[in-house]
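Encoded as structure tokens, the structure appears first; notes follow it.
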Amino acid sequence: MKRYIYTVLTILVVCASACRKLDIPPQNIIQDQDVFSNPAGIQAYMARLYSELPIEDFRYSPQRGLNFFWIISPTPATTGEALSRDQTSSMQENFGGWNWDIWGGSYTVIHDCDYFIQTMPSYSKNFSTAQVNAWLGEAYFIRGMTYFGLVKRFGGVPIVNKTLTYVVGTSTDELKIPRSSEKAVWDQVGSDFDFAIANLLTVNADDADGSRANKYVAAAFKSRAMLYAGTIAKYNTTTLFDATQTQLCGIPASAAPGYFQQAYDAAKMLDGVYSLYLKAWSATDKTAQYQNFVNLFSDASSPESIFVREYQYPNSVHGYDAYNVPRQLIGPNGYSSEVNPTLNFVEMFDGIPKNADGTIQNLGSDGNYNLYTNTMDLFANAEPRLRATVILPGDVFKGQSIEIRRGIYTGSSAAGISPLLPAGSRSQYPTTNLIQSATAGQNPFTLPDGTLMNPAGLSGIFTGDQTCAISGFSVRKWLNPNLATSQVLENNETQTWIEMRYAEVLLNRAEAGYELGNAGQNGAGAADAFTIINQIRSRAGAIPLAGGMTIDTIRKERRKELAFENKTYWDLKRWRIFSKEQNGTIYRILMPFYSSQAGKYFFDARTDERNDVYTYDPRWYYEQIPQGAISKSTNLVQNPGY
Amino acid sequence: MKKTKLYYIAFGLLVILNSSCSKVDNYPAPSNTIKGSTIDAGTGNTVQTEVGGSGTRVKLLETSYSANPTPYYFQSMQDGTFDNTKIFAATYKISVEGPFVPLVVTDNVGNVVSDESQNVVIKGTNTVTNLAFKVEPFLRVDMVGTPVFNADSTVTVQVKITRGTANPAYQLDITDINLYVSNTLYDGNNNYDPRYSKLTSYSGSTGTSLLGQTISITTVGGALPQQDVYFRVGARINAGLDEYNYSLPLSAKYP
């Protein structure tokens with residue numbers, strides 16, 4: 001009995017001591033004060049926000065989205081800049097596959113920015129005002145970038161500038177925020193960048209290497225965004241209104257000059273702060289101009305780099321070289337030559353013999369092929385920027401001559417060699433008098449002088465597999481010439497991605513200025529644009545413009561300068577010319593052949609041998625809002641045509 | 001020992017039986033039908049289109065479910081008819097979208113100016129089989145005669161393109177006139193053989209000046225291979241979603 005009482009007593013004591021209220025914060029969850037009261041916590045918060053920035057870098061493709069390692073459907077193969085064996089048609093961005101949640105992901109980043117903006121002020125006593133303002137500026141910058149990433153894809157999207165709290169059991173109606181007008185979202189982007197410009201320092205105090213935003217970074221992106229908005233207002237023809245007359249797609253044309261002016265002014269802010277990279281440049285030396293343009297993409301101290309994304313092994317890596325080296329420099333993963341520039345792209349540059357219609361001149365006046373001792377002879381005077389952007393057949397990379405040859409022609413050359421196919425033909429090459437190779441494992445052919453020669457070059461072109469320079473060219477831009485072939489691996493590379501460089505800011509300024517000049521608001525705009533285009537051209541080693549500049553001159557310069565930087569995709573989209581350029585289009589290629597009889601090379605220009613047709617559907621100017629997002633938030637109105 | 005095992009088996013059986021006790025609460029599968037066609041108000045013919053996403057589609061708004069429902073779309077067939085046998089019984093506001101003057105017209109600030117959608121009530125097992133939408137196609141594309149094989153085994157078709165609407169907002173320039181070649185009947189901008197099809201884009205009023213004339217278009221790329229082949233001409237103006245108006249697909253006998 002006594003024992004029983006003791007037991008009851010013990011239980012009572014134990015229970016009573018547990019009656020204290022449990023109000024200590026959980027030790028296993030990081031609290032606001034852990035993050036917001038010291039710079040290291042804020043740096044960690046920022047690191048995640050920056051890693052989620054929607055920039056189309058080495059880890060982006062329309063097929064697989066942002067921050068994905070596997071880039072075998074490269075962006076340039078959707079724009080006509082290049083052909084790729086794994087991307088054979090026009091495409092819109094694929095939000096459905098590969099876990100790319102553009103909608104939910106972007107709003108998560110926006111929420112995290114809003115949370116930072118709401119929470120930071122209550123911890124401001126720990127820091128100087130300048131520090132707090134600069135960090136807030138970064139949060140606004142990242143939010144602006146994220147809205148920019150949404151509006152350029154979808155048009156008007158919901159604007160959420162506060163964190164939403166859902167109480168379990170209550171109605172979700174308040175959370176179903178409808179889409180704002182497209183114009184309101186562009187204005188939101190502009191005002192977020194304005195806040196960032198006003199509050200950020202001229203040099204980011206935490207990281208001055210361009211990987212975090214400063215005042216000028218925000219201004220540079222503002223120029224890009226406002227130019228985008230201006231061109232939409234001017235050139236877009238798709239409109240969509242919701243039931244309350246909010247214009248979800250399209251901007252009234254009257255708003256265009258205002259946006260162009262903002263783009264122009266923002267670009268002008270960088271005047272004298274950044275400059276075009278000219279460290280190795282010489283006015284008279286084409287080789288120096290070439291080397292200068294190559295170095296621009298790898299020099300960490302370049303005064304042209306404004307905003308960059310850095311990579312670090314093994315935490316954050318990419319595989320650009322592994323996917324894109326020429327076939328003969330193939331890395332251990334077995335990938336190569338995913339980006340093969342089209343002849344259409346190459347023909348935009350200076351220094352190549354051309355016909356009156358701008359196509360490459362590969363035939364003599366007698367209608368027969370011109371003959372060359374080396375494949376590079378055709379490109380002897382090519383614009384240095386072209387050589388730095390594209391590996392031309394026979395040019396040197398990593399100490400090797402990149403050998404690109406379609407086959408050996410064994411027919412007679414005594415009376416000249418007439419074209420293998422009629423002009424414009426899309427048929428296969430006739431196989432009589434033609435020795436070709438299906439794969440990289442080749443059977444050498446004995447030339448008349450007894451020497452042996454492989455039918456195809458070391459980097460192609462092979463008829464059976466497409467792991468080669470299928471267009472006759474291979475990409476040069478961004479490739480690291482110092483990376484040992486054994487290290488050319490996926491998830492192993494760390495070159496810096498330059499998301500914003502001064503050349504783009506200048507081109508933004510030129511385009512905005514010229515559009516304003518047209519709108520009759522700023523007569524000096526067109527003259528300024530002329531000067532800028534010639535600055536860019538002179539650095540590139542191109543022939544300076546004499547006059548007669550049109551908007552197409554500026555656009556073409558932009559496409560050449562920013563090629564393979566994943567910018568052309570968005571430019572073609574905002575100019576609304578994607579569906580005109582890719583309208584049953586088959587891109588052109590340039591095939592070098594060796595004539596065994598003449599002992600010389602000749603080139604055949606033709607359409608893509610695979611007959612891959614590119615047709616851009618005009619609906620894609622506004623992407624489809626993911627169906628899952630509409631199911632969750634039923635006030636969202638779908639874009640036209642989906 | 002043996003008894004324990006029995007208990008386990010009994011318990012397992014109970015769990016299995018219990019889990020299958022859930023009530024079947026599936027909604028019966030939709031079984032009503034909506035069938036109809038998009039008809040050229042001027043000629044009474046159905047409006048030719050292409051199969052797939054870039055052709056005519058039917059838009060259903062289930063107004064009995066919500067005042068502002070999420071639209072449900074289904075595609076029309078190539079010949080301009082549509083038939084969907086998996087429709088729930090409900091009240092619908094139905095319209096069609098395609099290469100013709102829209103049935104729901106919105107002005108430049110978003111007000112609905114006119115709305116020729118049709119309201120349809122589907123109850124019980126009834127079906128709607130004769131839904132007809134009279135529309136004005138942007139362009140009428142008519143083959144003149146039949147495709148003709150030339151001596152070099154290319155094919156020439158003759159075609160006449162006229163406007164299908166007098167609406168001043170759609171008197172736009174013709175941007176493309178294309179002869180599509182395919183070895184199936186489903187021939188159009190989304191499915192053609194690029195080796196032989198003749199695609200022509202026009203700028204300014206060059207294409208428009210061909211309106212009303214009989215024009216000849218010949219296949220490209222040399223002799224056609226000796227197999228089934230269909231020819232269809234598509235033309236478009238830069239309106240709406242830039243969809244094509246098509247002629248009937250015609251085949252030709254290899255000589």
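So you can find residues: chains in the structure tokens are A, B, ... in the order shown, residues in each start at 1, and ligands are numbered from 1 in order.
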- [ ] Compute the set of chain B residues within 6 Å of chain A, using only C-alpha atoms, and express it as a ChimeraX atom specification.
- [x] /B:110,195,221
TODO: Please provide as a ChimeraX atom specification all residues within 7 Å of A:Asn236, with the sequence filter that same-chain residues fewer than 3 positions apart are discarded (counting only C-alpha atoms).
DONE: /A:232-233,250,576
Store the residues picked out above in a file with N, CA and C atoms, as an mmCIF file, in the first residue's frame.
data_model
loop_
_atom_site.group_PDB
_atom_site.id
_atom_site.type_symbol
_atom_site.label_atom_id
_atom_site.label_comp_id
_atom_site.auth_asym_id
_atom_site.auth_seq_id
_atom_site.Cartn_x
_atom_site.Cartn_y
_atom_site.Cartn_z
ATOM 1 N N ILE A 232 8.449 45.926 -76.927
ATOM 2 C CA ILE A 232 7.133 45.265 -76.861
ATOM 3 C C ILE A 232 6.050 46.289 -77.210
ATOM 4 N N ALA A 233 6.147 47.452 -76.589
ATOM 5 C CA ALA A 233 5.121 48.479 -76.840
ATOM 6 C C ALA A 233 5.075 48.823 -78.323
ATOM 7 N N GLY A 250 0.612 42.828 -74.054
ATOM 8 C CA GLY A 250 0.706 44.023 -74.891
ATOM 9 C C GLY A 250 0.720 45.294 -74.054
ATOM 10 N N ARG A 576 9.915 40.791 -82.136
ATOM 11 C CA ARG A 576 8.781 40.114 -82.771
ATOM 12 C C ARG A 576 9.107 39.709 -84.210
#
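Atom CA of A:Ile461 is found 24.7 Å from atom CA of A:Gly351.
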Task: All residues 9 Å or closer to stretch 79-90 of chain A, only C-alpha atoms, same chain fewer than 5 positions away omitted, as JSON, numbers by chain - done: {"A": [63, 72, 73, 74, 337, 338, 339, 340, 341, 342, 343, 344, 345, 346, 465, 466, 467, 468, 469, 470, 471, 473, 474, 475, 559, 563, 564, 568, 569, 572, 578, 581, 582, 587, 608, 610, 612, 613, 614, 615, 616, 617]}
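The residue set within 10 Å of A:Asp101, counting only C-alpha atoms and dropping same-chain residues fewer than 3 places from it, reads A:Gly65, A:Leu66, A:Asn94, A:Phe95, A:Gly96, A:Gly97, A:Trp98, A:Gly104, A:Gly105, A:Ser106, A:Tyr107, A:Pro626, A:Gly628, A:Ala629.
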Open item on the list: Just the number, please: distance in Å from atom CA of B:Ile39 to atom CA of B:Pro102, one decimal.
Closed with: 13.0 Å
Task: atom CA of A:Trp70 to atom CA of A:Gly144, straight-line distance in Å - done: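 It comes out at 27.6 Å.
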Which polymer residues have any atom within 8 Å of an atom of A:Lys477, counting only C-alpha atoms, with same-chain residues fewer than 6 positions away left out, as a PDB file with N, CA, C and O atoms, in the first residue's frame?
ATOM      1  N   VAL A 294      39.034  37.406 -77.748  1.00  0.00           N
ATOM      2  CA  VAL A 294      39.055  36.126 -77.027  1.00  0.00           C
ATOM      3  C   VAL A 294      39.251  36.382 -75.530  1.00  0.00           C
ATOM      4  O   VAL A 294      38.523  35.850 -74.684  1.00  0.00           O
ATOM      5  N   PHE A 297      36.567  37.402 -72.645  1.00  0.00           N
ATOM      6  CA  PHE A 297      35.669  36.482 -71.938  1.00  0.00           C
ATOM      7  C   PHE A 297      36.354  35.735 -70.799  1.00  0.00           C
ATOM      8  O   PHE A 297      35.715  34.969 -70.096  1.00  0.00           O
ATOM      9  N   ALA A 388      37.092  35.002 -83.401  1.00  0.00           N
ATOM     10  CA  ALA A 388      37.042  34.823 -81.953  1.00  0.00           C
ATOM     11  C   ALA A 388      35.706  34.234 -81.503  1.00  0.00           C
ATOM     12  O   ALA A 388      35.557  33.824 -80.366  1.00  0.00           O
ATOM     13  N   THR A 389      34.723  34.221 -82.406  1.00  0.00           N
ATOM     14  CA  THR A 389      33.387  33.726 -82.060  1.00  0.00           C
ATOM     15  C   THR A 389      33.156  32.327 -82.602  1.00  0.00           C
ATOM     16  O   THR A 389      32.509  31.503 -81.980  1.00  0.00           O
ATOM     17  N   VAL A 390      33.724  32.079 -83.796  1.00  0.00           N
ATOM     18  CA  VAL A 390      33.467  30.830 -84.512  1.00  0.00           C
ATOM     19  C   VAL A 390      34.805  30.201 -84.896  1.00  0.00           C
ATOM     20  O   VAL A 390      35.698  30.903 -85.348  1.00  0.00           O
ATOM     21  N   PHE A 564      25.887  33.728 -79.102  1.00  0.00           N
ATOM     22  CA  PHE A 564      26.220  32.608 -78.215  1.00  0.00           C
ATOM     23  C   PHE A 564      26.268  33.025 -76.751  1.00  0.00           C
ATOM     24  O   PHE A 564      26.853  32.345 -75.922  1.00  0.00           O
TER      25      PHE A 564
END
Open item on the list: So, with only C-alpha atoms as the atoms that count, which of B:Lys93, B:Tyr8, B:Lys86, B:Phe138 lies closest to B:Asn68?
Closed with: B:Lys93
Open item on the list: Report as a list in words all protein, DNA and RNA residues lying within 12 Å of A:Ala414, evaluated on only C-alpha atoms, omitting residues in the same chain fewer than 3 positions from it.
Closed with: Asn368, Thr410, Gly411, Ile417, Ser418, Ser595, Ser596, Gln597, Ala598 and Gly599 of chain A
TODO: Within stretch 59-180 of chain B, find each residue whose DSSP state, derived from the backbone, is strand (DSSP E or B), and express the selection as a ChimeraX atom specification.
DONE: /B:59-62,72-75,81-87,91-97,100,104-106,112-115,118-121,128-135,137,139-149,155-163,174-180
Open item on the list: With distances taken over only C-alpha atoms, which residue among A:Thr446, A:Ser437, A:Gln188, A:Asn491 lies nearest A:Gly464?
Closed with: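 Closest candidate: A:Ser437.
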- [ ] Could you give me, as a PyMOL selection string, each residue of stretch 344-471 of chain A that DSSP assigns to helix (DSSP H, G or I) when run on this structure's backbone?
- [x] chain A and resi 344-346+375-379+384-389
- [ ] Find the residues around stretch 281-283 of chain A up to 10 Å (only C-alpha atoms counted), leave out those fewer than 6 positions away in its own chain, and share them as JSON, numbers by chain.
- [x] {"A": [289, 290, 291, 292, 293, 538, 539, 540, 541]}
Only N, CA, C and O atoms, please: the residues just picked out, written as a compact mmCIF listing (two decimals), in the first residue's frame.
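Contents of the output file selection_1.txt:
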# COMPACT_ATOMS: atom_id res chain seq x y z
N GLN A 289 43.54 42.11 -82.45
CA GLN A 289 42.10 42.35 -82.28
C GLN A 289 41.38 41.04 -81.98
O GLN A 289 40.48 40.99 -81.14
N TYR A 290 41.82 39.98 -82.68
CA TYR A 290 41.25 38.66 -82.43
C TYR A 290 41.52 38.22 -81.01
O TYR A 290 40.62 37.83 -80.27
N GLN A 291 42.80 38.31 -80.61
CA GLN A 291 43.18 37.85 -79.27
C GLN A 291 42.47 38.68 -78.20
O GLN A 291 42.05 38.16 -77.16
N ASN A 292 42.32 39.96 -78.46
CA ASN A 292 41.64 40.83 -77.51
C ASN A 292 40.20 40.38 -77.30
O ASN A 292 39.71 40.32 -76.17
N PHE A 293 39.52 40.02 -78.38
CA PHE A 293 38.12 39.61 -78.26
C PHE A 293 38.02 38.26 -77.54
O PHE A 293 37.07 38.00 -76.81
N SER A 538 34.84 48.95 -84.40
CA SER A 538 36.28 49.15 -84.45
C SER A 538 36.98 48.19 -83.47
O SER A 538 38.01 47.60 -83.79
N ARG A 539 36.38 47.99 -82.30
CA ARG A 539 36.96 47.03 -81.37
C ARG A 539 36.94 45.61 -81.98
O ARG A 539 37.85 44.80 -81.78
N ALA A 540 35.88 45.32 -82.75
CA ALA A 540 35.74 43.99 -83.35
C ALA A 540 36.67 43.79 -84.54
O ALA A 540 36.84 42.67 -85.01
N GLY A 541 37.24 44.88 -85.03
CA GLY A 541 38.06 44.78 -86.23
C GLY A 541 37.22 44.76 -87.50
O GLY A 541 37.69 44.32 -88.56
Open item on the list: Restricting the calculation to only C-alpha atoms: of B:Ala151, B:Val113, B:Val233, B:Val128, which residue gets closest to B:Thr49?
Closed with: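 The shortest atom-to-atom distance to B:Thr49 comes from B:Val233.
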